[in-house]
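One structure is given here, and the rest of the page talks about it.
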Amino acid sequence: MHSRHRAARGASARCRRSCAAAAIAAALALGGSLAAAAPSVALDTGHTPLRPGAVAPSGRVEYRFNLDLSDAVSRHLKTLGAEVTRVAADGQEIELRQRTQVAPQAELFVSIHHDSMQQAWIDAGRRREFSGYSLFVSEKNPAYGKSLRCAQDIGAKMRAAGEHPSLYHATPIPGENRPLIDEALGIHRFDDLVVLKTATMPAVLIEAGVIANPDEEVRLARPETIERLAEAIAQGILSCTKP
């Protein structure tokens with residue numbers, strides 16, 4: 001009896017040790033696979049303090065809007081488990097062609113902007129006619145198909161969040177006339193946008209709204225609007241980068 005009990009206890013102890021070791025190995029393997037599955041995103045803040053982009057009616061420059069939104073998108077992406085490399089968020093000057101080289105390992109490059117409009121329309125008092133977002137992809141990007149799929153995922157999430165596409169970039173006039181790929185989701189082709197065509201990974205440029213419109217400027221600066229847009233963009237990014 002005693003020898004059998006000792007043998008059983010020894011077998012039980014060996015099982016506990018081996019089972020514990022197996023559990024630890026499995027946990028480590030799972031952690032490694034989760035880390036490997038975490039999408040890597042290069043998140044570009046459009047423009048710089050010295051080249052601030054569009055100017056809203058209040059005088060606030062586009063770079064500040066871009067920075068607020070990209071900060072929020074980055075936060076949401078990290079919460080969702082993504083690895084994020086920020087580009088042009090530190091206030092330093094950086095050339096357009098250098099932006100896509102900051103994180104060559106990234107699975108997706110996303111550039112955050114806010115829109116102006118044609119000066120002739122502003123001069124004609126048409127500021128309030130245009131609102132909404134626009135998404136751009138380039139056929140010169142080596143991963144054009146994936147770029148378009150990501151734009152579709154982002155556009156779908158933005159629509160679901162209550163946003164609407166502006167579509168005015170498709171207007172057949174000089175300076176616009178961008179081919180409209182998906183009217184419902186507001187996706188245009190803009191082949192020669194530098195950050196899209198020079199990226200070695202899929203790339204999407206987002207114009208989150210029209211800050212040249214005074215009503216849009218106020219709306220897009222509200223914290224609740226920034227959070228809603230950021231969450232939608234982050235979810236769209238995660239949707240298209242899932243394994």
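To be explicit about the labels: the chains of the structure tokens are called A, B, and onward in the order shown, and within each one the residues are counted from 1, while ligands get numbers from 1 in the order they are shown.
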Using only C-alpha atoms, determine which residues lie at most 6 Å from Ser166 (chain A), disregarding the query and same-chain residues fewer than 2 positions distant; provide the list as a short mmCIF file (atom, residue, chain, number, x, y, z; two decimals) with C-alpha atoms, in the first residue's frame.
```
data_model
loop_
_atom_site.label_atom_id
_atom_site.label_comp_id
_atom_site.auth_asym_id
_atom_site.auth_seq_id
_atom_site.Cartn_x
_atom_site.Cartn_y
_atom_site.Cartn_z
CA SER A 131 -18.51 68.93 -46.06
CA GLY A 132 -17.49 65.37 -45.34
CA TYR A 133 -14.47 63.13 -45.74
CA TYR A 168 -16.38 67.28 -54.53
#
```
Quick one: residues within 8 Å of Arg86 (chain A), only C-alpha atoms counted, chain neighbours fewer than 6 positions away excluded, as an NGL selection string?
:A and (42-45 or 74)
Residue neighbourhood region 169-171 of chain A, 12 Å, only C-alpha atoms, exclusion window fewer than 3 positions, as a ChimeraX atom specification
/A:115-118,130-136,165-166,174-183,186-190,207,210
Selection file, C-alpha atoms, as a PDB file, in the first residue's frame:
```pdb
ATOM      1  CA  ASP A 115      -9.552  69.378 -46.410  1.00  0.00           C
ATOM      2  CA  SER A 116      -9.715  72.830 -47.919  1.00  0.00           C
ATOM      3  CA  MET A 117     -11.513  73.628 -51.167  1.00  0.00           C
ATOM      4  CA  GLN A 118     -10.891  75.486 -54.398  1.00  0.00           C
ATOM      5  CA  PHE A 130     -18.922  71.268 -49.003  1.00  0.00           C
ATOM      6  CA  SER A 131     -18.514  68.934 -46.057  1.00  0.00           C
ATOM      7  CA  GLY A 132     -17.492  65.372 -45.342  1.00  0.00           C
ATOM      8  CA  TYR A 133     -14.475  63.134 -45.739  1.00  0.00           C
ATOM      9  CA  SER A 134     -12.491  61.848 -48.730  1.00  0.00           C
ATOM     10  CA  LEU A 135     -10.220  58.820 -49.075  1.00  0.00           C
ATOM     11  CA  PHE A 136      -7.409  58.536 -51.617  1.00  0.00           C
ATOM     12  CA  PRO A 165     -18.198  61.534 -48.165  1.00  0.00           C
ATOM     13  CA  SER A 166     -17.763  64.990 -49.666  1.00  0.00           C
ATOM     14  CA  PRO A 174      -8.823  71.916 -63.060  1.00  0.00           C
ATOM     15  CA  GLY A 175      -7.306  70.956 -59.717  1.00  0.00           C
ATOM     16  CA  GLU A 176      -9.970  68.361 -58.964  1.00  0.00           C
ATOM     17  CA  ASN A 177     -11.389  65.715 -61.332  1.00  0.00           C
ATOM     18  CA  ARG A 178     -10.063  62.820 -59.222  1.00  0.00           C
ATOM     19  CA  PRO A 179     -11.464  59.521 -60.478  1.00  0.00           C
ATOM     20  CA  LEU A 180     -14.164  58.326 -58.096  1.00  0.00           C
ATOM     21  CA  ILE A 181     -13.647  54.625 -57.408  1.00  0.00           C
ATOM     22  CA  ASP A 182     -16.353  54.108 -54.792  1.00  0.00           C
ATOM     23  CA  GLU A 183     -18.998  56.818 -54.534  1.00  0.00           C
ATOM     24  CA  GLY A 186     -15.944  58.398 -50.867  1.00  0.00           C
ATOM     25  CA  ILE A 187     -12.827  56.757 -52.345  1.00  0.00           C
ATOM     26  CA  HIS A 188     -10.878  58.536 -55.069  1.00  0.00           C
ATOM     27  CA  ARG A 189      -7.802  57.631 -57.076  1.00  0.00           C
ATOM     28  CA  PHE A 190      -4.997  60.199 -56.878  1.00  0.00           C
ATOM     29  CA  GLU A 207      -9.169  63.917 -45.582  1.00  0.00           C
ATOM     30  CA  VAL A 210     -13.551  70.183 -44.799  1.00  0.00           C
TER      31      VAL A 210
END
```
From the set A:Ala184, A:Ala54, A:Pro202, A:Arg60, which residue has the shortest atom-to-atom contact distance to Val41 (chain A), counting only C-alpha atoms?
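Smallest distance to Val41 (chain A) is found for A:Pro202.
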Per DSSP on the backbone, what are the strand (DSSP E) residues of region 67-165 of chain A, as a list in words?
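Answer for region 67-165 of chain A restricted to strand (DSSP E) is Glu83, Val84, Thr85, Arg86, Val87, Leu108, Phe109, Val110, Ser111, Ile112, His113, His114, Asp115, Ser134, Leu135, Phe136 and Val137 of chain A.
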Show me a table, sorted first by chain and then by increasing residue number, of the residues of region 164-226 of chain A having an atom at most 8 Å from region 137-160 of chain A, each with its shortest atom pair and the distance in Å to one decimal, counting only C-alpha atoms and written as CSV.
```
residue,atom,partner,partner_atom,distance
A:His164,CA,A:Arg159,CA,5.9
A:Leu185,CA,A:Gly155,CA,5.0
A:Gly186,CA,A:Gly155,CA,6.9
A:Ile187,CA,A:Ala151,CA,6.9
A:His188,CA,A:Val137,CA,6.5
A:Arg189,CA,A:Val137,CA,5.1
A:Phe190,CA,A:Ser138,CA,5.3
A:Asp191,CA,A:Ser138,CA,4.0
A:Asp192,CA,A:Ser138,CA,6.9
A:Leu193,CA,A:Ser138,CA,7.1
A:Leu196,CA,A:Ser138,CA,5.7
A:Lys197,CA,A:Asn141,CA,4.6
A:Thr198,CA,A:Asn141,CA,6.8
A:Ala199,CA,A:Asn141,CA,6.5
A:Thr200,CA,A:Pro142,CA,6.4
A:Met201,CA,A:Ala143,CA,6.2
A:Pro202,CA,A:Ser147,CA,4.6
A:Ala203,CA,A:Ser147,CA,5.3
A:Val204,CA,A:Val137,CA,5.4
A:Leu205,CA,A:Val137,CA,6.7
```
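Counting only C-alpha atoms and comparing A:Gly91, A:Leu80, A:His113, A:Leu108, the residue that lies closest to Leu220 (chain A) is A:His113.
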Which residue gives the smallest distance to Arg228 (chain A) among A:His114, A:His76, A:Arg126, A:His47, with only C-alpha atoms counted?
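Distance minimum relative to Arg228 (chain A) lands on A:His76.
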Nearest candidate to Asp90 (chain A) (options A:Asp71, A:Glu163, A:Glu129, A:Glu107; using only C-alpha atoms)
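That would be A:Asp71, the residue with the smallest distance to Asp90 (chain A).
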Considering only helix (DSSP H, G or I) as DSSP defines it on the backbone, what residues of region 62-199 of chain A qualify? List them as a count of residues only.
54
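Nearest-residue note for Asn213 (chain A): choosing from A:Ala103, A:Val55, A:Gln235, A:Val110, the minimum distance belongs to A:Val55, counting only C-alpha atoms.
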List as a tab-separated table (two decimals) with C-alpha atoms, in the first residue's frame the protein and nucleic acid residues near region 92-95 of chain A, meaning an atom at most 10 Å away when only C-alpha atoms are counted, but skip any in the same chain fewer than 6 places from it.
```
chain	number	residue	atom	x	y	z
A	47	HIS	CA	1.99	68.63	-42.93
A	48	THR	CA	4.32	70.27	-40.38
A	49	PRO	CA	4.30	73.44	-38.24
A	50	LEU	CA	6.29	75.31	-40.91
A	51	ARG	CA	4.19	73.89	-43.75
A	194	VAL	CA	3.73	61.40	-53.11
A	195	VAL	CA	3.06	59.56	-49.85
```
Distance of CA of Leu67 (chain A) from CA of Ala88 (chain A), expressed in Å to one decimal place
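It comes out at 8.9 Å.
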Nearest residue to Asp215 (chain A) out of A:Val73, A:Ala56, A:Ala234, A:Cys240, using only C-alpha atoms?
A:Ala56
